[in-house]
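Printed here is work36.pdb (PDB, C-alpha atoms):
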ATOM      1  CA  MET A   1      13.607 -42.281 -21.645
ATOM      2  CA  GLY A   2      14.035 -39.996 -18.718
ATOM      3  CA  LEU A   3      16.052 -37.524 -20.785
ATOM      4  CA  GLY A   4      15.457 -33.818 -21.073
ATOM      5  CA  PRO A   5      13.966 -31.091 -18.915
ATOM      6  CA  GLY A   6      10.539 -30.994 -17.332
ATOM      7  CA  LEU A   7       8.430 -32.878 -14.800
ATOM      8  CA  THR A   8       7.831 -35.376 -17.566
ATOM      9  CA  PRO A   9      11.130 -35.415 -19.461
ATOM     10  CA  SER A  10      11.043 -33.977 -22.966
ATOM     11  CA  GLY A  11      12.180 -37.206 -24.593
ATOM     12  CA  ASP A  12       9.350 -39.117 -22.942
ATOM     13  CA  ASP A  13       6.785 -36.551 -24.080
ATOM     14  CA  PHE A  14       8.149 -36.831 -27.617
ATOM     15  CA  LEU A  15       7.700 -40.611 -27.483
ATOM     16  CA  VAL A  16       4.100 -40.234 -26.277
ATOM     17  CA  GLY A  17       3.326 -38.176 -29.387
ATOM     18  CA  LEU A  18       5.131 -40.644 -31.637
ATOM     19  CA  PHE A  19       3.318 -43.615 -30.050
ATOM     20  CA  ALA A  20      -0.009 -41.880 -30.689
ATOM     21  CA  VAL A  21       0.694 -41.739 -34.427
ATOM     22  CA  ILE A  22       1.949 -45.323 -34.510
ATOM     23  CA  HIS A  23      -1.465 -46.370 -33.161
ATOM     24  CA  LEU A  24      -3.551 -44.490 -35.725
ATOM     25  CA  PRO A  25      -5.857 -46.783 -37.699
ATOM     26  CA  GLN A  26      -4.231 -47.821 -40.982
ATOM     27  CA  SER A  27      -0.992 -46.067 -40.069
ATOM     28  CA  PRO A  28       1.866 -47.184 -42.330
ATOM     29  CA  ILE A  29       4.058 -47.300 -39.219
ATOM     30  CA  SER A  30       1.624 -49.360 -37.137
ATOM     31  CA  LYS A  31       4.064 -52.249 -37.543
ATOM     32  CA  TYR A  32       6.054 -50.540 -34.766
ATOM     33  CA  GLN A  33       3.363 -51.047 -32.121
ATOM     34  CA  PRO A  34       5.305 -53.943 -30.524
ATOM     35  CA  TRP A  35       8.349 -51.668 -30.359
ATOM     36  CA  CYS A  36       6.301 -49.161 -28.321
ATOM     37  CA  ARG A  37       5.664 -51.843 -25.718
ATOM     38  CA  GLU A  38       9.349 -52.848 -25.714
ATOM     39  CA  VAL A  39      10.279 -49.234 -24.994
ATOM     40  CA  VAL A  40       7.853 -49.148 -22.063
ATOM     41  CA  ASN A  41       9.325 -52.344 -20.638
ATOM     42  CA  GLU A  42      12.639 -50.492 -20.385
ATOM     43  CA  ALA A  43      11.139 -47.194 -19.204
ATOM     44  CA  ALA A  44      10.137 -48.153 -15.655
ATOM     45  CA  GLU A  45      13.686 -47.844 -14.339
ATOM     46  CA  LEU A  46      14.681 -44.897 -16.515
ATOM     47  CA  THR A  47      12.026 -42.263 -15.880
ATOM     48  CA  ASN A  48       9.607 -41.070 -13.205
ATOM     49  CA  GLN A  49       6.192 -42.594 -12.467
ATOM     50  CA  ILE A  50       4.159 -39.828 -14.116
ATOM     51  CA  SER A  51       6.074 -40.124 -17.356
ATOM     52  CA  TYR A  52       6.117 -43.917 -17.184
ATOM     53  CA  MET A  53       2.326 -44.068 -16.957
ATOM     54  CA  ALA A  54       1.916 -41.728 -19.931
ATOM     55  CA  LEU A  55       4.316 -43.897 -21.962
ATOM     56  CA  LYS A  56       2.613 -47.091 -20.831
ATOM     57  CA  LYS A  57      -0.836 -45.869 -21.880
ATOM     58  CA  ALA A  58       0.442 -44.439 -25.186
ATOM     59  CA  ALA A  59       2.195 -47.736 -25.980
ATOM     60  CA  TRP A  60      -1.306 -49.231 -26.215
ATOM     61  CA  GLY A  61      -2.780 -46.271 -28.107
ATOM     62  CA  GLN A  62      -4.387 -44.553 -25.118
ATOM     63  CA  VAL A  63      -3.581 -40.844 -25.049
ATOM     64  CA  ARG A  64      -5.080 -37.621 -23.742
ATOM     65  CA  GLU A  65      -8.313 -36.527 -25.355
ATOM     66  CA  SER A  66      -6.658 -33.368 -26.676
ATOM     67  CA  MET A  67      -4.076 -35.444 -28.543
ATOM     68  CA  GLY A  68      -6.764 -37.634 -30.063
ATOM     69  CA  GLN A  69      -8.709 -34.576 -31.137
ATOM     70  CA  LEU A  70      -5.617 -33.031 -32.722
ATOM     71  CA  LEU A  71      -4.883 -36.199 -34.690
ATOM     72  CA  HIS A  72      -8.485 -36.467 -35.815
ATOM     73  CA  SER A  73      -8.576 -32.831 -36.897
ATOM     74  CA  LEU A  74      -5.290 -33.197 -38.781
ATOM     75  CA  MET A  75      -6.757 -36.003 -40.862
ATOM     76  CA  TYR A  76     -10.418 -35.125 -41.252
ATOM     77  CA  GLU A  77     -11.290 -31.591 -40.216
ATOM     78  CA  SER A  78     -10.726 -27.977 -41.129
ATOM     79  CA  LYS A  79      -7.580 -25.958 -40.575
ATOM     80  CA  GLU A  80      -9.453 -23.994 -37.895
ATOM     81  CA  ASN A  81     -10.253 -27.166 -35.932
ATOM     82  CA  MET A  82      -6.691 -28.374 -36.352
ATOM     83  CA  LEU A  83      -5.371 -25.112 -34.907
ATOM     84  CA  LEU A  84      -7.754 -25.421 -31.944
ATOM     85  CA  GLY A  85      -6.564 -28.981 -31.372
ATOM     86  CA  LEU A  86      -2.936 -27.945 -31.629
ATOM     87  CA  SER A  87      -3.505 -25.160 -29.137
ATOM     88  CA  ALA A  88      -5.020 -27.614 -26.652
ATOM     89  CA  VAL A  89      -2.012 -29.932 -26.974
ATOM     90  CA  LEU A  90       0.484 -27.076 -26.691
ATOM     91  CA  ASP A  91      -1.210 -26.050 -23.428
ATOM     92  CA  ILE A  92      -0.175 -29.334 -21.757
ATOM     93  CA  GLY A  93       2.405 -28.522 -19.087
ATOM     94  CA  SER A  94       5.100 -25.925 -19.513
ATOM     95  CA  SER A  95       6.904 -27.746 -22.339
ATOM     96  CA  SER A  96       5.225 -31.154 -22.569
ATOM     97  CA  GLY A  97       2.708 -30.083 -25.186
ATOM     98  CA  THR A  98       5.423 -28.821 -27.504
ATOM     99  CA  ASP A  99       7.396 -32.038 -27.099
ATOM    100  CA  ILE A 100       4.279 -34.149 -27.707
ATOM    101  CA  ALA A 101       3.490 -32.109 -30.837
ATOM    102  CA  LEU A 102       7.025 -32.689 -32.108
ATOM    103  CA  GLY A 103       6.551 -36.429 -31.587
ATOM    104  CA  ILE A 104       3.283 -36.279 -33.533
ATOM    105  CA  ILE A 105       4.950 -34.377 -36.373
ATOM    106  CA  SER A 106       7.797 -36.891 -36.513
ATOM    107  CA  GLY A 107       5.330 -39.777 -36.567
ATOM    108  CA  LEU A 108       3.334 -38.190 -39.370
ATOM    109  CA  ASP A 109       6.554 -37.617 -41.300
ATOM    110  CA  LEU A 110       7.456 -41.298 -40.871
ATOM    111  CA  ASN A 111       3.990 -42.236 -42.108
ATOM    112  CA  LEU A 112       4.540 -40.200 -45.262
ATOM    113  CA  GLU A 113       7.961 -41.755 -45.830
ATOM    114  CA  GLN A 114       6.527 -45.268 -45.452
ATOM    115  CA  ARG A 115       3.560 -44.533 -47.667
ATOM    116  CA  TRP A 116       5.797 -43.528 -50.575
ATOM    117  CA  ARG A 117       8.058 -46.589 -50.327
TER
END
Please, can you express the file's structure as structure tokens?
Amino acid sequence: MGLGPGLTPSGDDFLVGLFAVIHLPQSPISKYQPWCREVVNEAAELTNQISYMALKKAAWGQVRESMGQLLHSLMYESKENMLLGLSAVLDIGSSSGTDIALGIISGLDLNLEQRWR
């Protein structure tokens, strides 16, 4: 936490995206929800207030509407809607959206790994 460039550090943005996937209904990695809250307990002293609040909300599954729409479109909608959702997430901040998207991708990859075990 608190690592990387940006108003909200890149590492924190990545974790927000990862936390969002961990909180998806029936997510194979939902068992890590308590870990999300443990991370936030450590984050207060390691990052800035803006980033801390985003992490705190995401640790309980509360994320920006654009992130929720992207996740929904990835699972249930057309490629066109997914691309619109991705565009909305990528538009967050100067680099935050990209870092969030990378966290989402990593979380989805972890879901796939867990599903096949």
Let me make sure I understand: among A:Ile29, A:Val89, A:Met67, A:Val40, which one has the smallest atom-to-atom distance to A:Gln114 if we use all atoms listed in the file?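 Answer, going by the shortest atom-to-atom distance: A:Ile29.
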Report the distance between atom CA of A:Lys31 and atom CA of A:Ala54 in Å, rounded to one decimal place.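 Result for atom CA of A:Lys31 versus atom CA of A:Ala54: 20.6 Å, one decimal.
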Written as a PyMOL selection string, what is the full residue list that the PyMOL selection byres ((chain A and resi 101) around 9) yields on the file shown? chain A and resi 13-14+17-18+67+86+89-90+96-100+102-106
Which residues, written as a list in words, have at least one atom at most 6 Å from stretch 59-65 of chain A, with all atoms listed in the file counted and residues fewer than 5 positions away on the same chain left out? Phe19, Ala20, His23, Cys36 and Arg37 of chain A
Nearest to A:Glu113 by atom-to-atom distance, counting only C-alpha atoms, from A:Val16, A:Met75, A:Ser27, A:Pro5: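 The closest residue to A:Glu113 is A:Ser27.
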Residue among A:Pro34, A:Gln26, A:Ser66, A:Leu7 lying closest to A:Asp91, counting all atoms listed in the file: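 Checking each candidate against A:Asp91, we get A:Ser66 as the closest.
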One-decimal distance in Å that lies between atom CA of A:Gly11 and atom CA of A:Leu46: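 Calculated distance between atom CA of A:Leu46 and atom CA of A:Gly11 is 11.4 Å.
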Given 5 Å on each side, where is the centre and what are the edge lengths in Å to one decimal of the axis-aligned box enclosing the listed atoms of stretch 97-112 of chain A, as JSON?
{"center_x": 5.3, "center_y": -35.5, "center_z": -35.2, "size_x": 15.1, "size_y": 23.4, "size_z": 30.1}
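Counting from atom CA of A:Tyr52, the distance to atom CA of A:Gln33 is 16.8 Å.
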When the PyMOL selection byres ((chain A and resi 50) around 12) is applied to the file above, which residues end up in the set, as a count of residues only? 20
From the options A:Ile92, A:Val21, A:Leu15, A:Ala58, which residue's atoms come nearest to A:Leu110, counting all atoms listed in the file?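 Nearest to A:Leu110: A:Val21.
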For A:Leu108, which of A:Met82, A:Val39, A:Leu74, A:Ser10 is the closest residue, counting all atoms listed in the file?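 Smallest separation from A:Leu108 among the options: A:Leu74.
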Where atoms are missing, can you supply N, CA and C atoms for stretch 58-79 of chain A and output the lot as a compact mmCIF listing (two decimals), keeping the file's coordinate frame?
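So rebuild_34.txt came out as:
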# COMPACT_ATOMS: atom_id res chain seq x y z
N ALA A 58 0.25 -44.75 -23.77
CA ALA A 58 0.44 -44.44 -25.19
C ALA A 58 0.94 -45.65 -25.97
N ALA A 59 1.69 -46.53 -25.32
CA ALA A 59 2.19 -47.74 -25.98
C ALA A 59 1.06 -48.66 -26.41
N TRP A 60 -0.12 -48.46 -25.84
CA TRP A 60 -1.31 -49.23 -26.22
C TRP A 60 -2.33 -48.36 -26.95
N GLY A 61 -1.91 -47.14 -27.33
CA GLY A 61 -2.78 -46.27 -28.11
C GLY A 61 -3.74 -45.43 -27.29
N GLN A 62 -3.51 -45.34 -25.99
CA GLN A 62 -4.39 -44.55 -25.12
C GLN A 62 -3.67 -43.25 -24.76
N VAL A 63 -4.20 -42.14 -25.28
CA VAL A 63 -3.58 -40.84 -25.05
C VAL A 63 -4.64 -39.84 -24.59
N ARG A 64 -4.18 -38.68 -24.18
CA ARG A 64 -5.08 -37.62 -23.74
C ARG A 64 -6.09 -37.30 -24.84
N GLU A 65 -7.25 -36.89 -24.41
CA GLU A 65 -8.31 -36.53 -25.36
C GLU A 65 -7.85 -35.44 -26.32
N SER A 66 -7.11 -34.46 -25.81
CA SER A 66 -6.66 -33.37 -26.68
C SER A 66 -5.75 -33.88 -27.79
N MET A 67 -4.94 -34.87 -27.51
CA MET A 67 -4.08 -35.44 -28.54
C MET A 67 -4.91 -36.17 -29.59
N GLY A 68 -5.88 -36.94 -29.14
CA GLY A 68 -6.76 -37.63 -30.06
C GLY A 68 -7.52 -36.67 -30.95
N GLN A 69 -7.98 -35.58 -30.35
CA GLN A 69 -8.71 -34.58 -31.14
C GLN A 69 -7.80 -33.91 -32.16
N LEU A 70 -6.56 -33.63 -31.77
CA LEU A 70 -5.62 -33.03 -32.72
C LEU A 70 -5.38 -33.98 -33.89
N LEU A 71 -5.13 -35.23 -33.62
CA LEU A 71 -4.88 -36.20 -34.69
C LEU A 71 -6.10 -36.33 -35.61
N HIS A 72 -7.26 -36.37 -35.01
CA HIS A 72 -8.48 -36.47 -35.82
C HIS A 72 -8.65 -35.23 -36.69
N SER A 73 -8.41 -34.07 -36.12
CA SER A 73 -8.58 -32.83 -36.90
C SER A 73 -7.52 -32.72 -38.00
N LEU A 74 -6.32 -33.22 -37.74
CA LEU A 74 -5.29 -33.20 -38.78
C LEU A 74 -5.70 -34.02 -40.00
N MET A 75 -6.41 -35.09 -39.76
CA MET A 75 -6.76 -36.00 -40.86
C MET A 75 -8.10 -35.69 -41.51
N TYR A 76 -9.06 -35.18 -40.73
CA TYR A 76 -10.42 -35.12 -41.25
C TYR A 76 -11.11 -33.77 -41.16
N GLU A 77 -10.54 -32.82 -40.48
CA GLU A 77 -11.29 -31.59 -40.22
C GLU A 77 -10.62 -30.37 -40.85
N SER A 78 -11.20 -29.24 -40.56
CA SER A 78 -10.73 -27.98 -41.13
C SER A 78 -9.44 -27.50 -40.46
N LYS A 79 -8.79 -26.57 -41.12
CA LYS A 79 -7.58 -25.96 -40.58
C LYS A 79 -7.89 -25.29 -39.23
